[in-house]
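See below for model38.pdb, which holds PDB, C-alpha atoms.
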ATOM      1  CA  ALA A   1      28.569  25.931  60.724
ATOM      2  CA  ALA A   2      30.885  24.600  58.029
ATOM      3  CA  ALA A   3      28.829  21.399  57.835
ATOM      4  CA  ALA A   4      25.665  23.447  57.388
ATOM      5  CA  VAL A   5      27.310  25.377  54.539
ATOM      6  CA  ASP A   6      28.279  22.118  52.840
ATOM      7  CA  ALA A   7      24.712  20.860  53.202
ATOM      8  CA  GLY A   8      23.344  24.014  51.561
ATOM      9  CA  MET A   9      21.611  25.083  54.771
ATOM     10  CA  SER A  10      22.581  28.738  54.500
ATOM     11  CA  SER A  11      20.238  30.098  57.161
ATOM     12  CA  GLU A  12      21.496  27.645  59.778
ATOM     13  CA  ALA A  13      25.095  28.245  58.699
ATOM     14  CA  MET A  14      24.788  32.009  59.092
ATOM     15  CA  ASP A  15      23.388  31.673  62.602
ATOM     16  CA  GLY A  16      25.882  29.030  63.691
ATOM     17  CA  SER A  17      28.936  30.799  62.295
ATOM     18  CA  LEU A  18      27.969  34.064  63.975
ATOM     19  CA  ARG A  19      27.634  32.354  67.345
ATOM     20  CA  ALA A  20      30.984  30.632  66.842
ATOM     21  CA  ALA A  21      32.703  33.873  65.842
ATOM     22  CA  LEU A  22      31.385  35.648  68.934
ATOM     23  CA  LEU A  23      32.505  32.785  71.154
ATOM     24  CA  TRP A  24      36.033  32.731  69.717
ATOM     25  CA  GLU A  25      36.238  36.503  70.011
ATOM     26  CA  HIS A  26      35.315  36.249  73.692
ATOM     27  CA  LEU A  27      37.983  33.580  74.192
ATOM     28  CA  GLY A  28      40.631  35.593  72.360
ATOM     29  CA  ARG A  29      41.213  32.984  69.623
ATOM     30  CA  PRO A  30      41.655  34.901  66.330
ATOM     31  CA  ALA A  31      42.553  31.861  64.207
ATOM     32  CA  GLN A  32      39.396  29.984  65.190
ATOM     33  CA  ARG A  33      37.375  33.149  64.744
ATOM     34  CA  ALA A  34      38.822  33.469  61.229
ATOM     35  CA  TYR A  35      37.501  30.018  60.296
ATOM     36  CA  ALA A  36      34.085  30.902  61.723
ATOM     37  CA  MET A  37      34.005  34.048  59.599
ATOM     38  CA  LEU A  38      35.073  31.985  56.590
ATOM     39  CA  ALA A  39      32.059  29.731  57.110
ATOM     40  CA  ARG A  40      29.852  32.812  57.358
ATOM     41  CA  ALA A  41      31.335  34.232  54.139
ATOM     42  CA  SER A  42      30.668  30.930  52.369
ATOM     43  CA  ALA A  43      27.068  30.877  53.589
ATOM     44  CA  PHE A  44      26.431  34.329  52.147
ATOM     45  CA  SER A  45      28.222  33.430  48.908
ATOM     46  CA  VAL A  46      26.061  30.346  48.377
ATOM     47  CA  VAL A  47      22.931  32.513  48.164
ATOM     48  CA  GLY A  48      24.472  35.340  46.146
ATOM     49  CA  ALA A  49      24.747  37.868  48.990
ATOM     50  CA  LEU A  50      28.163  38.883  47.722
ATOM     51  CA  HIS A  51      28.553  42.189  49.594
ATOM     52  CA  ASP A  52      28.097  40.409  52.925
ATOM     53  CA  ALA A  53      30.274  37.514  51.753
ATOM     54  CA  ARG A  54      33.125  39.828  50.877
ATOM     55  CA  ALA A  55      32.907  41.723  54.168
ATOM     56  CA  CYS A  56      33.090  38.469  56.145
ATOM     57  CA  ALA A  57      35.909  37.120  53.965
ATOM     58  CA  GLU A  58      38.006  40.250  54.415
ATOM     59  CA  GLN A  59      37.491  40.090  58.167
ATOM     60  CA  ALA A  60      38.545  36.427  58.127
ATOM     61  CA  ARG A  61      41.637  37.322  56.102
ATOM     62  CA  ASP A  62      42.705  39.991  58.579
ATOM     63  CA  LEU A  63      42.115  37.700  61.554
ATOM     64  CA  ALA A  64      44.076  34.849  59.931
ATOM     65  CA  ARG A  65      46.959  37.146  59.084
ATOM     66  CA  ALA A  66      47.063  38.454  62.660
ATOM     67  CA  ALA A  67      47.085  34.878  63.960
ATOM     68  CA  GLY A  68      49.828  33.836  61.520
ATOM     69  CA  ASP A  69      47.625  31.181  59.894
ATOM     70  CA  ALA A  70      48.674  31.230  56.223
ATOM     71  CA  ARG A  71      46.231  28.514  55.180
ATOM     72  CA  ALA A  72      43.243  30.317  56.677
ATOM     73  CA  GLU A  73      44.441  33.535  55.060
ATOM     74  CA  ALA A  74      44.633  31.826  51.666
ATOM     75  CA  TYR A  75      41.108  30.452  51.974
ATOM     76  CA  ALA A  76      39.913  33.892  52.976
ATOM     77  CA  TRP A  77      41.516  35.314  49.819
ATOM     78  CA  MET A  78      39.665  32.629  47.837
ATOM     79  CA  ALA A  79      36.403  33.697  49.452
ATOM     80  CA  VAL A  80      37.134  37.315  48.522
ATOM     81  CA  ALA A  81      37.743  36.242  44.912
ATOM     82  CA  ASP A  82      34.453  34.321  44.892
ATOM     83  CA  ALA A  83      32.591  37.392  46.152
ATOM     84  CA  CYS A  84      33.977  39.848  43.576
ATOM     85  CA  SER A  85      33.075  40.338  39.931
ATOM     86  CA  ALA A  86      34.883  37.869  37.686
ATOM     87  CA  ARG A  87      38.260  39.075  36.441
ATOM     88  CA  SER A  88      37.947  42.406  38.196
ATOM     89  CA  PRO A  89      41.089  43.912  39.745
ATOM     90  CA  GLU A  90      39.820  42.877  43.182
ATOM     91  CA  SER A  91      39.113  39.250  42.290
ATOM     92  CA  THR A  92      42.380  38.948  40.380
ATOM     93  CA  GLU A  93      44.356  40.299  43.339
ATOM     94  CA  ALA A  94      42.584  37.927  45.745
ATOM     95  CA  ALA A  95      43.011  34.828  43.567
ATOM     96  CA  THR A  96      46.683  35.637  42.966
ATOM     97  CA  ALA A  97      47.287  36.063  46.702
ATOM     98  CA  ALA A  98      45.683  32.670  47.423
ATOM     99  CA  TRP A  99      47.744  31.035  44.673
ATOM    100  CA  ARG A 100      50.971  32.490  46.054
ATOM    101  CA  LEU A 101      50.176  31.084  49.488
ATOM    102  CA  LEU A 102      48.996  27.616  48.450
ATOM    103  CA  GLY A 103      50.036  27.028  44.835
ATOM    104  CA  SER A 104      53.098  25.021  45.807
ATOM    105  CA  ALA A 105      51.280  22.958  48.448
ATOM    106  CA  GLU A 106      51.110  19.180  48.069
ATOM    107  CA  GLY A 107      47.442  18.392  48.358
ATOM    108  CA  GLU A 108      44.002  19.582  47.413
ATOM    109  CA  ASP A 109      44.616  23.092  48.751
ATOM    110  CA  ALA A 110      46.751  23.788  45.680
ATOM    111  CA  ALA A 111      43.985  22.616  43.344
ATOM    112  CA  ARG A 112      41.376  24.782  45.038
ATOM    113  CA  ALA A 113      43.636  27.830  44.899
ATOM    114  CA  GLY A 114      44.513  26.976  41.301
ATOM    115  CA  ALA A 115      40.836  26.896  40.340
ATOM    116  CA  ARG A 116      40.433  30.507  41.470
ATOM    117  CA  TYR A 117      43.702  31.565  39.877
ATOM    118  CA  VAL A 118      42.871  30.297  36.393
ATOM    119  CA  ALA A 119      39.279  31.534  36.738
ATOM    120  CA  GLN A 120      40.668  35.043  37.076
ATOM    121  CA  GLY A 121      42.916  34.692  34.037
ATOM    122  CA  GLY A 122      46.024  33.310  35.702
ATOM    123  CA  VAL A 123      48.251  31.181  33.496
ATOM    124  CA  ILE A 124      49.581  27.795  34.611
ATOM    125  CA  ASP A 125      51.890  25.812  32.340
ATOM    126  CA  PRO A 126      50.814  22.349  31.071
ATOM    127  CA  ASP A 127      52.932  20.504  33.645
ATOM    128  CA  GLY A 128      51.365  22.592  36.381
ATOM    129  CA  VAL A 129      47.859  21.852  35.084
ATOM    130  CA  ALA A 130      48.640  18.124  35.008
ATOM    131  CA  ARG A 131      49.903  18.342  38.589
ATOM    132  CA  LEU A 132      46.671  20.028  39.718
ATOM    133  CA  ASP A 133      44.644  17.420  37.828
ATOM    134  CA  ARG A 134      46.338  14.753  39.966
ATOM    135  CA  LEU A 135      45.995  16.675  43.225
ATOM    136  CA  ALA A 136      42.325  17.442  42.645
ATOM    137  CA  SER A 137      41.506  13.873  41.644
ATOM    138  CA  SER A 138      43.075  12.508  44.838
ATOM    139  CA  GLY A 139      41.370  15.144  47.020
ATOM    140  CA  GLY A 140      37.898  15.536  48.439
ATOM    141  CA  THR A 141      34.713  16.323  46.551
ATOM    142  CA  ALA A 142      35.081  20.076  47.084
ATOM    143  CA  ALA A 143      38.488  20.148  45.399
ATOM    144  CA  GLN A 144      37.340  17.867  42.587
ATOM    145  CA  ALA A 145      34.216  19.947  41.955
ATOM    146  CA  GLU A 146      36.035  23.284  41.954
ATOM    147  CA  TRP A 147      39.003  22.249  39.826
ATOM    148  CA  TRP A 148      37.143  20.173  37.232
ATOM    149  CA  ALA A 149      34.415  22.814  36.944
ATOM    150  CA  GLU A 150      37.116  25.304  36.052
ATOM    151  CA  ARG A 151      38.681  22.806  33.658
ATOM    152  CA  ALA A 152      35.275  22.487  31.960
ATOM    153  CA  ARG A 153      34.900  26.252  31.709
ATOM    154  CA  GLY A 154      38.448  26.618  30.417
ATOM    155  CA  SER A 155      37.853  23.916  27.818
ATOM    156  CA  ARG A 156      34.784  25.721  26.485
ATOM    157  CA  ARG A 157      36.693  28.995  26.310
ATOM    158  CA  GLY A 158      39.777  27.462  24.757
ATOM    159  CA  GLU A 159      41.892  28.594  27.715
ATOM    160  CA  LEU A 160      42.843  25.196  29.160
ATOM    161  CA  ALA A 161      43.773  22.214  27.024
ATOM    162  CA  GLY A 162      42.038  18.932  27.688
ATOM    163  CA  ARG A 163      39.644  16.475  26.080
ATOM    164  CA  PRO A 164      36.019  17.220  26.999
ATOM    165  CA  SER A 165      35.347  13.494  27.433
ATOM    166  CA  GLU A 166      38.061  13.208  30.089
ATOM    167  CA  ILE A 167      36.832  16.297  31.933
ATOM    168  CA  LEU A 168      33.239  15.049  31.839
ATOM    169  CA  SER A 169      34.390  11.715  33.231
ATOM    170  CA  HIS A 170      35.789  13.428  36.316
ATOM    171  CA  LEU A 171      32.638  15.521  36.711
ATOM    172  CA  ALA A 172      30.474  12.403  36.404
ATOM    173  CA  ARG A 173      32.375  11.039  39.403
ATOM    174  CA  VAL A 174      31.645  14.271  41.286
ATOM    175  CA  ALA A 175      27.939  13.849  40.491
ATOM    176  CA  ARG A 176      27.704  10.610  42.473
ATOM    177  CA  GLN A 177      29.776  11.740  45.469
ATOM    178  CA  ARG A 178      28.581  13.474  48.597
ATOM    179  CA  GLY A 179      30.016  16.954  48.943
ATOM    180  CA  PRO A 180      29.334  20.683  49.329
ATOM    181  CA  VAL A 181      25.982  21.410  47.696
ATOM    182  CA  ALA A 182      26.924  24.765  46.175
ATOM    183  CA  GLY A 183      30.294  23.566  44.884
ATOM    184  CA  LYS A 184      28.681  20.525  43.320
ATOM    185  CA  GLY A 185      25.904  22.668  41.871
ATOM    186  CA  ARG A 186      28.370  24.953  40.115
ATOM    187  CA  ALA A 187      30.282  21.911  38.852
ATOM    188  CA  MET A 188      27.121  20.323  37.446
ATOM    189  CA  HIS A 189      26.314  23.601  35.704
ATOM    190  CA  GLU A 190      29.725  23.715  34.023
ATOM    191  CA  ALA A 191      29.515  20.008  33.205
ATOM    192  CA  ARG A 192      26.140  20.505  31.534
ATOM    193  CA  LEU A 193      27.436  23.410  29.450
ATOM    194  CA  LEU A 194      30.461  21.411  28.333
ATOM    195  CA  ALA A 195      28.289  18.404  27.495
ATOM    196  CA  GLU A 196      26.014  20.667  25.463
ATOM    197  CA  SER A 197      28.964  22.025  23.502
ATOM    198  CA  ALA A 198      30.140  18.449  22.913
ATOM    199  CA  GLY A 199      26.676  17.428  21.682
ATOM    200  CA  ASP A 200      26.229  14.724  24.347
ATOM    201  CA  GLY A 201      22.493  14.789  25.059
ATOM    202  CA  GLU A 202      22.503  11.979  27.626
ATOM    203  CA  ALA A 203      25.220  13.665  29.671
ATOM    204  CA  VAL A 204      23.353  16.976  29.450
ATOM    205  CA  ARG A 205      20.207  15.384  30.845
ATOM    206  CA  LEU A 206      21.965  13.700  33.742
ATOM    207  CA  PHE A 207      24.074  16.701  34.775
ATOM    208  CA  ALA A 208      21.086  19.043  34.470
ATOM    209  CA  SER A 209      18.934  16.774  36.615
ATOM    210  CA  GLU A 210      21.492  16.728  39.427
ATOM    211  CA  GLN A 211      21.943  20.500  39.115
ATOM    212  CA  ALA A 212      18.184  20.969  39.543
ATOM    213  CA  ARG A 213      18.149  18.802  42.665
ATOM    214  CA  LEU A 214      20.984  20.778  44.254
ATOM    215  CA  ALA A 215      19.421  24.133  43.361
ATOM    216  CA  SER A 216      16.174  23.103  45.036
ATOM    217  CA  LYS A 217      18.069  22.046  48.139
ATOM    218  CA  VAL A 218      19.760  25.450  48.443
ATOM    219  CA  LEU A 219      16.505  27.366  47.881
ATOM    220  CA  ALA A 220      14.768  25.343  50.591
ATOM    221  CA  HIS A 221      17.098  26.808  53.240
ATOM    222  CA  VAL A 222      17.486  30.438  52.144
ATOM    223  CA  PRO A 223      16.501  33.154  54.648
ATOM    224  CA  ALA A 224      13.468  35.060  53.393
ATOM    225  CA  HIS A 225      15.349  38.355  53.051
ATOM    226  CA  LEU A 226      17.976  36.715  50.806
ATOM    227  CA  ARG A 227      15.691  34.678  48.590
ATOM    228  CA  GLU A 228      15.770  37.270  45.816
ATOM    229  CA  SER A 229      19.575  37.289  45.660
ATOM    230  CA  ALA A 230      19.648  33.466  45.691
ATOM    231  CA  SER A 231      17.240  33.355  42.762
ATOM    232  CA  GLU A 232      19.775  35.351  40.716
ATOM    233  CA  VAL A 233      22.744  32.980  41.233
ATOM    234  CA  GLU A 234      23.632  31.673  37.765
ATOM    235  CA  TRP A 235      23.774  27.949  38.465
ATOM    236  CA  ILE A 236      20.614  28.096  40.607
ATOM    237  CA  VAL A 237      18.687  30.001  37.925
ATOM    238  CA  ALA A 238      19.714  27.453  35.306
ATOM    239  CA  GLY A 239      18.949  24.595  37.673
ATOM    240  CA  GLN A 240      15.407  25.794  38.331
ATOM    241  CA  ALA A 241      14.636  25.477  34.631
ATOM    242  CA  ARG A 242      15.582  21.776  34.661
ATOM    243  CA  PRO A 243      13.773  18.609  35.794
ATOM    244  CA  GLU A 244      14.342  17.702  39.435
ATOM    245  CA  ALA A 245      14.508  13.920  39.267
ATOM    246  CA  GLY A 246      18.155  13.872  40.328
ATOM    247  CA  VAL A 247      20.916  11.563  39.195
ATOM    248  CA  SER A 248      20.863   8.085  40.661
ATOM    249  CA  VAL A 249      24.089   6.365  41.599
ATOM    250  CA  GLY A 250      23.528   3.895  38.779
ATOM    251  CA  GLN A 251      22.961   6.662  36.248
ATOM    252  CA  ALA A 252      26.089   8.519  37.330
ATOM    253  CA  ARG A 253      28.178   5.352  37.103
ATOM    254  CA  GLN A 254      26.710   4.643  33.669
ATOM    255  CA  LEU A 255      27.576   8.184  32.584
ATOM    256  CA  GLU A 256      31.102   7.896  33.945
ATOM    257  CA  GLY A 257      31.596   4.677  32.007
ATOM    258  CA  LEU A 258      30.224   6.280  28.872
ATOM    259  CA  VAL A 259      32.517   9.292  28.946
ATOM    260  CA  ARG A 260      35.498   7.130  29.858
ATOM    261  CA  GLY A 261      34.715   5.071  26.789
ATOM    262  CA  LEU A 262      34.649   8.219  24.692
ATOM    263  CA  ALA A 263      38.018   9.234  26.110
ATOM    264  CA  ARG A 264      39.494   5.859  25.144
ATOM    265  CA  ARG A 265      37.956   6.194  21.680
ATOM    266  CA  ASP A 266      39.568   9.634  21.306
ATOM    267  CA  ASN A 267      42.935   8.120  22.223
ATOM    268  CA  LEU A 268      42.479   5.340  19.687
ATOM    269  CA  ARG A 269      41.492   7.801  16.974
ATOM    270  CA  GLY A 270      44.677   9.743  17.635
ATOM    271  CA  LEU A 271      46.753   6.613  17.078
ATOM    272  CA  LEU A 272      44.945   5.720  13.868
ATOM    273  CA  GLU A 273      45.073   9.146  12.227
TER     274      GLU A 273
END

Encoded form using structure tokens:
Amino acid sequence: AAAAVDAGMSSEAMDGSLRAALLWEHLGRPAQRAYAMLARASAFSVVGALHDARACAEQARDLARAAGDARAEAYAWMAVADACSARSPESTEAATAAWRLLGSAEGEDAARAGARYVAQGGVIDPDGVARLDRLASSGGTAAQAEWWAERARGSRRGELAGRPSEILSHLARVARQRGPVAGKGRAMHEARLLAESAGDGEAVRLFASEQARLASKVLAHVPAHLRESASEVEWIVAGQARPEAGVSVGQARQLEGLVRGLARRDNLRGLLE
């Protein structure tokens, strides 16, 4: 079920996760059932069915807590945060709970929890941000996509310091990696917006093209009764308005080299001024 979620196959993920949850319930394995419900929550979240996503996430949280699985509980809190309105009391509480459980972890879990925490207005000092930059960059595509998408959003809002060229370089790397379709789609959306604000037309075109490809992939696997909610997801809506050629590996590498060059130029300018 988790693999189906990552592939953007929401209908298959919903069916598979439900079967898994029922099996683990029959076997009396609450921790495994919690992970199955997490996959189900993620499947609903991908297509914008946030009420169902939150219900599944809260059930996963309670199961994980009962089983004494702090990591599963933290990821369930993250799923609750994802399913609530941005910066609402509920999403803030959920993101803060996940950060308390995983913020001090050594690995990508901390970066993924940190992405939710700062998204909900949480403040992390510069050393802490630099630490999460390192942890995300050494982690999997999901962690890279989530953290650097939030870094891009924070840069546009003036909430997180960082050179746009450096952030876009990391997101260009995400563009050419395999990874969770929805997480990558959101990251491409934030990358495109940051590139637009930086006036980088070539980067805008490449990020938008990959966003369109990912949006189409999600929409191809949405259950009929959830298609309307999926068509209202922000990054999918924006992606549908873009060309669907996709970003080739060569294009993404070219883009990464370009934005890395801009980052080096920014460093040089700082030394010369």

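One distance worth recording is that between CA of Ser138 in chain A and CA of Gly8 in chain A, which is 23.8 Å.
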
List, as a ChimeraX atom specification, every residue that the PyMOL selection byres ((chain A and resi 81) around 6) selects in the file provided.
/A:78-80,82-84,91,94-95

Please save C-alpha atoms of the selected residues as a compact mmCIF listing (two decimals), in the coordinates of the input.
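Everything below was put into out39.txt:
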# COMPACT_ATOMS: atom_id res chain seq x y z
CA MET A 78 39.66 32.63 47.84
CA ALA A 79 36.40 33.70 49.45
CA VAL A 80 37.13 37.32 48.52
CA ASP A 82 34.45 34.32 44.89
CA ALA A 83 32.59 37.39 46.15
CA CYS A 84 33.98 39.85 43.58
CA SER A 91 39.11 39.25 42.29
CA ALA A 94 42.58 37.93 45.74
CA ALA A 95 43.01 34.83 43.57

In the coordinate frame of the file, compute which residues have an atom within 12 Å of (43.7, 33.9, 34.8) when using all atoms listed in the file, and state them as a VMD selection string.
chain A and resid 81 86 to 89 91 to 96 99 113 to 125 150 154 159 to 160

Near-Gly179 in chain A list (9 Å; only C-alpha atoms; drop same-chain fewer than 6 positions) as a PyMOL selection string:
chain A and resi 6-7+140-142+145

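Taking CA of Leu206 in chain A as the reference point, CA of Ala13 in chain A is found at 29.1 Å.
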
Reference answer for the PyMOL selection byres ((chain A and resi 43-59) around 6), as a PyMOL selection string:
chain A and resi 5+10+37-38+40-42+60-62+76+79-80+83+229-230+233

When the PyMOL selection byres ((chain A and resi 192) around 10) is applied to the structure above, which residues does it catch, written out as a ChimeraX atom specification?
/A:152,168,171,186-191,193-198,200-201,203-211
